[in-house]
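Here the structure comes first, spelled out in structure tokens, and everything after it is commentary.
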Amino acid sequence: MPEIPDLEGYRSYLNARLPGQRVETAEAPIPWLIRTGGDEFVKRMPGQVFEPIERVAKLLIFPFESGDRFVVHAMLAGRFQYVEPKHRRRSVTSWVLGLENGMEFRYFDQRRMGRMYLIRPEQFDEVVPRWTEMGPDVMDPQLTPEKWLELLKKSRAQIKSVITNERIVAGIGNAYSDEILWEAKLHPFRKRSDIPDEEIIGLFHAMRRVMEWSIPIVTREMEEKGLPPNHYRKHLRVHRKADDECPRCGHRISEITSGKKVTNFCRECQPGLER
Ligand SMILES: [Zn+2]
């Protein structure tokens, strides 16, 4: 699932290319991923001029000069392409926009789970699911350590579930939650209610540090190598690094799988349950 650094990478990459471009043609080979209607998309997109792209939580928002907004939640497997039309189209391509500069902006989705909405700015509440229930975005400047403490007080659950719950704070997924908890030296399965306030504040700063560290790495990789079929995750220190050495203490990285979710952490420098 694309997470904030991946989406920020897309945003920078696409912001260097799309704003000011006029859409000349629109197609929707897999129309039903566009929840507001594939026909409507095909009809309404030609003539639209891109403005700078925004990100809120795991959503990318493409604003147009007309005021329309195209909102994309890529879910597990949605990916973008910015390519010449001769570039072979994948069978799972959901929509294609032909641009006035001759390039195509496309979206494909192996799992066909992504969701898109073409809306007016005032329709977010009504059309985008859970829009109004979402907690603040991780990078929201109004999210202060005090506010963070207050938000997290609402839950007594395991800390990893708390920070990946978008009703509490929006934008953290499975991979980066492992990185954030490693950075904060917190065991992922410790209960929020057993963690003292000062460590919760420490977690806030760890979260911001992980984002500020990883966003430029992912952005640079995307700029150098292009939009990825898979996310750039090599820089991660614990997630999917089971049995590697912890970069901080050298202890072996542990892995626990629950459902389809893999959690990696270091038992040595993220002690918790047994204390
Ligand atoms: Zn360690």
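We label chains A, B, ... in the order they appear in the structure tokens, count residues from 1 in each chain, and number ligands from 1 in the order shown.
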
(message) Could you pull out the helix (DSSP H, G or I) residues of region 131-219 of chain A, going by DSSP on the backbone, and write them as a PyMOL selection string?
(response) chain A and resi 145-152+159-163+174-183+192-194+197-219

For those residues, write C-alpha atoms to a file as a PDB file, in the first residue's frame.
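Okay, result03.pdb is ready:
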```pdb
ATOM      1  CA  PRO A 145       2.777  17.063  20.428  1.00  0.00           C
ATOM      2  CA  GLU A 146      -0.003  18.206  22.807  1.00  0.00           C
ATOM      3  CA  LYS A 147      -2.706  17.478  20.267  1.00  0.00           C
ATOM      4  CA  TRP A 148      -1.074  14.096  19.533  1.00  0.00           C
ATOM      5  CA  LEU A 149      -1.138  13.141  23.183  1.00  0.00           C
ATOM      6  CA  GLU A 150      -4.797  14.070  23.370  1.00  0.00           C
ATOM      7  CA  LEU A 151      -5.668  12.063  20.220  1.00  0.00           C
ATOM      8  CA  LEU A 152      -3.875   8.946  21.402  1.00  0.00           C
ATOM      9  CA  ILE A 159       0.366   1.048  19.939  1.00  0.00           C
ATOM     10  CA  LYS A 160       0.823  -0.213  16.371  1.00  0.00           C
ATOM     11  CA  SER A 161      -2.958  -0.480  15.910  1.00  0.00           C
ATOM     12  CA  VAL A 162      -3.395   2.972  17.403  1.00  0.00           C
ATOM     13  CA  ILE A 163      -1.037   4.759  15.023  1.00  0.00           C
ATOM     14  CA  ASN A 174       1.908  -1.119   8.025  1.00  0.00           C
ATOM     15  CA  ALA A 175       5.434  -0.515   6.707  1.00  0.00           C
ATOM     16  CA  TYR A 176       6.110   2.923   8.128  1.00  0.00           C
ATOM     17  CA  SER A 177       4.437   2.141  11.455  1.00  0.00           C
ATOM     18  CA  ASP A 178       7.215  -0.432  12.006  1.00  0.00           C
ATOM     19  CA  GLU A 179       9.826   2.188  11.155  1.00  0.00           C
ATOM     20  CA  ILE A 180       8.261   4.779  13.436  1.00  0.00           C
ATOM     21  CA  LEU A 181       8.008   2.379  16.393  1.00  0.00           C
ATOM     22  CA  TRP A 182      11.631   1.288  15.879  1.00  0.00           C
ATOM     23  CA  GLU A 183      12.695   4.933  15.779  1.00  0.00           C
ATOM     24  CA  ARG A 192      -1.074   2.529  24.496  1.00  0.00           C
ATOM     25  CA  SER A 193      -2.467   2.753  28.018  1.00  0.00           C
ATOM     26  CA  ASP A 194       0.774   1.254  29.440  1.00  0.00           C
ATOM     27  CA  ASP A 197       3.030  10.370  28.220  1.00  0.00           C
ATOM     28  CA  GLU A 198       6.671  11.268  27.690  1.00  0.00           C
ATOM     29  CA  GLU A 199       7.154   8.209  25.488  1.00  0.00           C
ATOM     30  CA  ILE A 200       3.996   9.085  23.538  1.00  0.00           C
ATOM     31  CA  ILE A 201       5.495  12.532  22.919  1.00  0.00           C
ATOM     32  CA  GLY A 202       8.730  10.804  21.890  1.00  0.00           C
ATOM     33  CA  LEU A 203       6.681   8.762  19.434  1.00  0.00           C
ATOM     34  CA  PHE A 204       5.348  11.959  17.881  1.00  0.00           C
ATOM     35  CA  HIS A 205       8.858  13.231  17.211  1.00  0.00           C
ATOM     36  CA  ALA A 206       9.930   9.788  15.936  1.00  0.00           C
ATOM     37  CA  MET A 207       7.006   9.817  13.487  1.00  0.00           C
ATOM     38  CA  ARG A 208       8.008  13.201  12.101  1.00  0.00           C
ATOM     39  CA  ARG A 209      11.688  12.205  11.926  1.00  0.00           C
ATOM     40  CA  VAL A 210      10.874   9.054   9.955  1.00  0.00           C
ATOM     41  CA  MET A 211       8.794  11.077   7.491  1.00  0.00           C
ATOM     42  CA  GLU A 212      11.375  13.829   7.140  1.00  0.00           C
ATOM     43  CA  TRP A 213      14.091  11.222   6.589  1.00  0.00           C
ATOM     44  CA  SER A 214      12.212   8.972   4.162  1.00  0.00           C
ATOM     45  CA  ILE A 215      10.272  11.440   1.979  1.00  0.00           C
ATOM     46  CA  PRO A 216      13.434  12.896   0.334  1.00  0.00           C
ATOM     47  CA  ILE A 217      14.859   9.388  -0.211  1.00  0.00           C
ATOM     48  CA  VAL A 218      11.735   8.134  -1.970  1.00  0.00           C
ATOM     49  CA  THR A 219      11.312  11.390  -3.899  1.00  0.00           C
TER      50      THR A 219
END
```

Per-residue nearest contacts of chain A to ligand 1 (9 Å; only C-alpha atoms and all ligand atoms) as CSV:
```
residue,atom,partner,partner_atom_place_in_ligand_line,distance
A:Trp182,CA,ligand 1,1 (Zn),8.0
A:Lys185,CA,ligand 1,1 (Zn),8.4
A:Glu245,CA,ligand 1,1 (Zn),7.8
A:Cys246,CA,ligand 1,1 (Zn),4.6
A:Pro247,CA,ligand 1,1 (Zn),6.7
A:Arg248,CA,ligand 1,1 (Zn),5.0
A:Cys249,CA,ligand 1,1 (Zn),4.1
A:Gly250,CA,ligand 1,1 (Zn),5.9
A:His251,CA,ligand 1,1 (Zn),5.3
A:Arg252,CA,ligand 1,1 (Zn),7.5
A:Ile253,CA,ligand 1,1 (Zn),7.4
A:Phe265,CA,ligand 1,1 (Zn),7.9
A:Cys266,CA,ligand 1,1 (Zn),4.7
A:Arg267,CA,ligand 1,1 (Zn),6.8
A:Glu268,CA,ligand 1,1 (Zn),5.1
A:Cys269,CA,ligand 1,1 (Zn),4.2
A:Gln270,CA,ligand 1,1 (Zn),6.8
```

(message) With distances taken over only C-alpha atoms, which residue among A:Asn15, A:Ser66, A:Thr36, A:Gln81 lies nearest Pro52 (chain A)?
(response) A:Asn15

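With distances restricted to only C-alpha atoms, A:Ser94 is the closest residue to Gly38 (chain A) from A:Ser94, A:Asn264, A:Thr164, A:Glu100.
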
(message) Env of region 69-80 of chain A: 8 Å cut, atoms = only C-alpha atoms, seq-sep filter 2 positions within chain, self excluded. Answer as a PyMOL selection string.
(response) chain A and resi 1-2+58-64+67+82+105-121+227-229

Let's have the selection written as a PDB file, in the first residue's frame, with N, CA and C atoms.
```pdb
ATOM      1  N   MET A   1       0.855  -1.204   0.000  1.00  0.00           N
ATOM      2  CA  MET A   1       0.000   0.000   0.000  1.00  0.00           C
ATOM      3  C   MET A   1       0.883   1.244   0.000  1.00  0.00           C
ATOM      4  N   PRO A   2       0.623   2.165  -0.916  1.00  0.00           N
ATOM      5  CA  PRO A   2       1.430   3.396  -0.862  1.00  0.00           C
ATOM      6  C   PRO A   2       1.203   4.117   0.470  1.00  0.00           C
ATOM      7  N   LYS A  58      -3.864   9.098   2.821  1.00  0.00           N
ATOM      8  CA  LYS A  58      -3.434   8.231   1.728  1.00  0.00           C
ATOM      9  C   LYS A  58      -4.118   8.600   0.415  1.00  0.00           C
ATOM     10  N   LEU A  59      -4.678   9.778   0.352  1.00  0.00           N
ATOM     11  CA  LEU A  59      -5.353  10.229  -0.868  1.00  0.00           C
ATOM     12  C   LEU A  59      -4.486  11.216  -1.617  1.00  0.00           C
ATOM     13  N   LEU A  60      -4.445  11.069  -2.947  1.00  0.00           N
ATOM     14  CA  LEU A  60      -3.856  12.112  -3.774  1.00  0.00           C
ATOM     15  C   LEU A  60      -5.022  12.869  -4.394  1.00  0.00           C
ATOM     16  N   ILE A  61      -4.903  14.188  -4.364  1.00  0.00           N
ATOM     17  CA  ILE A  61      -5.983  15.025  -4.880  1.00  0.00           C
ATOM     18  C   ILE A  61      -5.435  15.835  -6.049  1.00  0.00           C
ATOM     19  N   PHE A  62      -6.060  15.645  -7.212  1.00  0.00           N
ATOM     20  CA  PHE A  62      -5.648  16.366  -8.416  1.00  0.00           C
ATOM     21  C   PHE A  62      -6.659  17.489  -8.662  1.00  0.00           C
ATOM     22  N   PRO A  63      -6.268  18.724  -8.385  1.00  0.00           N
ATOM     23  CA  PRO A  63      -7.192  19.829  -8.621  1.00  0.00           C
ATOM     24  C   PRO A  63      -7.027  20.350 -10.051  1.00  0.00           C
ATOM     25  N   PHE A  64      -8.100  20.876 -10.595  1.00  0.00           N
ATOM     26  CA  PHE A  64      -8.076  21.434 -11.949  1.00  0.00           C
ATOM     27  C   PHE A  64      -8.529  22.884 -11.910  1.00  0.00           C
ATOM     28  N   GLY A  67     -11.972  23.937 -11.016  1.00  0.00           N
ATOM     29  CA  GLY A  67     -12.452  23.747  -9.649  1.00  0.00           C
ATOM     30  C   GLY A  67     -12.709  22.284  -9.345  1.00  0.00           C
ATOM     31  N   TYR A  82       3.380   7.822 -16.182  1.00  0.00           N
ATOM     32  CA  TYR A  82       3.450   9.031 -16.995  1.00  0.00           C
ATOM     33  C   TYR A  82       4.378   8.656 -18.135  1.00  0.00           C
ATOM     34  N   PHE A 105      -1.018  10.129 -18.952  1.00  0.00           N
ATOM     35  CA  PHE A 105      -1.041   9.911 -17.510  1.00  0.00           C
ATOM     36  C   PHE A 105      -2.041   8.785 -17.276  1.00  0.00           C
ATOM     37  N   ARG A 106      -1.546   7.680 -16.670  1.00  0.00           N
ATOM     38  CA  ARG A 106      -2.389   6.483 -16.532  1.00  0.00           C
ATOM     39  C   ARG A 106      -2.387   5.976 -15.091  1.00  0.00           C
ATOM     40  N   TYR A 107      -3.372   5.151 -14.833  1.00  0.00           N
ATOM     41  CA  TYR A 107      -3.451   4.466 -13.540  1.00  0.00           C
ATOM     42  C   TYR A 107      -3.754   3.006 -13.800  1.00  0.00           C
ATOM     43  N   PHE A 108      -2.974   2.124 -13.202  1.00  0.00           N
ATOM     44  CA  PHE A 108      -3.301   0.693 -13.302  1.00  0.00           C
ATOM     45  C   PHE A 108      -3.303   0.075 -11.908  1.00  0.00           C
ATOM     46  N   ASP A 109      -3.993  -1.044 -11.786  1.00  0.00           N
ATOM     47  CA  ASP A 109      -4.245  -1.577 -10.459  1.00  0.00           C
ATOM     48  C   ASP A 109      -4.438  -3.087 -10.533  1.00  0.00           C
ATOM     49  N   GLN A 110      -3.377  -3.814 -10.178  1.00  0.00           N
ATOM     50  CA  GLN A 110      -3.384  -5.271 -10.235  1.00  0.00           C
ATOM     51  C   GLN A 110      -4.539  -5.874  -9.435  1.00  0.00           C
ATOM     52  N   ARG A 111      -4.861  -5.250  -8.310  1.00  0.00           N
ATOM     53  CA  ARG A 111      -5.904  -5.814  -7.444  1.00  0.00           C
ATOM     54  C   ARG A 111      -7.274  -5.188  -7.716  1.00  0.00           C
ATOM     55  N   ARG A 112      -7.302  -4.159  -8.526  1.00  0.00           N
ATOM     56  CA  ARG A 112      -8.562  -3.432  -8.835  1.00  0.00           C
ATOM     57  C   ARG A 112      -9.308  -3.022  -7.571  1.00  0.00           C
ATOM     58  N   MET A 113      -8.533  -2.537  -6.608  1.00  0.00           N
ATOM     59  CA  MET A 113      -9.146  -2.133  -5.342  1.00  0.00           C
ATOM     60  C   MET A 113      -9.154  -0.625  -5.158  1.00  0.00           C
ATOM     61  N   GLY A 114      -8.422   0.086  -6.015  1.00  0.00           N
ATOM     62  CA  GLY A 114      -8.346   1.535  -5.873  1.00  0.00           C
ATOM     63  C   GLY A 114      -9.714   2.171  -6.061  1.00  0.00           C
ATOM     64  N   ARG A 115      -9.825   3.410  -5.583  1.00  0.00           N
ATOM     65  CA  ARG A 115     -11.106   4.103  -5.720  1.00  0.00           C
ATOM     66  C   ARG A 115     -10.821   5.543  -6.107  1.00  0.00           C
ATOM     67  N   MET A 116     -11.630   6.043  -7.023  1.00  0.00           N
ATOM     68  CA  MET A 116     -11.450   7.415  -7.489  1.00  0.00           C
ATOM     69  C   MET A 116     -12.772   8.152  -7.517  1.00  0.00           C
ATOM     70  N   TYR A 117     -12.661   9.436  -7.341  1.00  0.00           N
ATOM     71  CA  TYR A 117     -13.866  10.264  -7.299  1.00  0.00           C
ATOM     72  C   TYR A 117     -13.588  11.570  -8.037  1.00  0.00           C
ATOM     73  N   LEU A 118     -14.424  11.903  -9.003  1.00  0.00           N
ATOM     74  CA  LEU A 118     -14.319  13.205  -9.667  1.00  0.00           C
ATOM     75  C   LEU A 118     -15.425  14.075  -9.090  1.00  0.00           C
ATOM     76  N   ILE A 119     -14.999  15.090  -8.337  1.00  0.00           N
ATOM     77  CA  ILE A 119     -15.996  15.836  -7.551  1.00  0.00           C
ATOM     78  C   ILE A 119     -15.741  17.344  -7.585  1.00  0.00           C
ATOM     79  N   ARG A 120     -16.704  18.085  -7.082  1.00  0.00           N
ATOM     80  CA  ARG A 120     -16.526  19.507  -6.804  1.00  0.00           C
ATOM     81  C   ARG A 120     -15.947  19.627  -5.383  1.00  0.00           C
ATOM     82  N   PRO A 121     -15.258  20.739  -5.094  1.00  0.00           N
ATOM     83  CA  PRO A 121     -14.600  20.848  -3.777  1.00  0.00           C
ATOM     84  C   PRO A 121     -15.563  20.666  -2.596  1.00  0.00           C
ATOM     85  N   LEU A 227       8.402   6.421 -11.991  1.00  0.00           N
ATOM     86  CA  LEU A 227       7.322   5.929 -11.145  1.00  0.00           C
ATOM     87  C   LEU A 227       7.452   4.406 -11.034  1.00  0.00           C
ATOM     88  N   PRO A 228       7.445   3.892  -9.844  1.00  0.00           N
ATOM     89  CA  PRO A 228       7.798   2.481  -9.645  1.00  0.00           C
ATOM     90  C   PRO A 228       6.611   1.535  -9.778  1.00  0.00           C
ATOM     91  N   PRO A 229       6.846   0.344 -10.348  1.00  0.00           N
ATOM     92  CA  PRO A 229       5.820  -0.696 -10.268  1.00  0.00           C
ATOM     93  C   PRO A 229       5.712  -1.209  -8.828  1.00  0.00           C
TER      94      PRO A 229
END
```

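Distances from A:Leu33, A:Leu18, A:Val96, A:Ala57 to Asp6 (chain A) were compared using only C-alpha atoms, and the smallest one belongs to A:Ala57.
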
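Nearest to Lys154 (chain A) of all the residues A:Arg130, A:Arg167, A:Arg237, A:Lys260 is A:Arg167, counting only C-alpha atoms.
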
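Nearest-residue note for Val23 (chain A): choosing from A:Thr263, A:Ser258, A:Gln48, A:Gln142, the minimum distance belongs to A:Gln48, counting only C-alpha atoms.
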
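When only C-alpha atoms are used to compute distances to Tyr10 (chain A), the closest of the residues A:Asp125, A:Glu104, A:Asp68, A:Glu221 turns out to be A:Glu221.
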
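As for CA of Lys234 (chain A) and CA of Glu3 (chain A), they are spaced 14.3 Å apart.
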
(message) Run DSSP on the backbone and tell me which residues of region 19-56 of chain A come out as strand (DSSP E); list them as a ChimeraX atom specification.
(response) /A:23-27,54-56

Since we have the selection now, will you write its residues out, keeping C-alpha atoms, as a PDB file, in the first residue's frame?
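Resulting contents of out.pdb:
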```
ATOM      1  CA  VAL A  23      -6.165  17.051 -20.803  1.00  0.00           C
ATOM      2  CA  GLU A  24      -7.016  16.311 -24.427  1.00  0.00           C
ATOM      3  CA  THR A  25      -8.476  12.840 -24.227  1.00  0.00           C
ATOM      4  CA  ALA A  26      -9.882  10.640 -21.486  1.00  0.00           C
ATOM      5  CA  GLU A  27     -10.546   6.910 -21.467  1.00  0.00           C
ATOM      6  CA  GLU A  54      -2.175  17.744  -3.001  1.00  0.00           C
ATOM      7  CA  ARG A  55      -1.987  14.845  -0.578  1.00  0.00           C
ATOM      8  CA  VAL A  56      -4.215  14.228   2.410  1.00  0.00           C
TER       9      VAL A  56
END
```
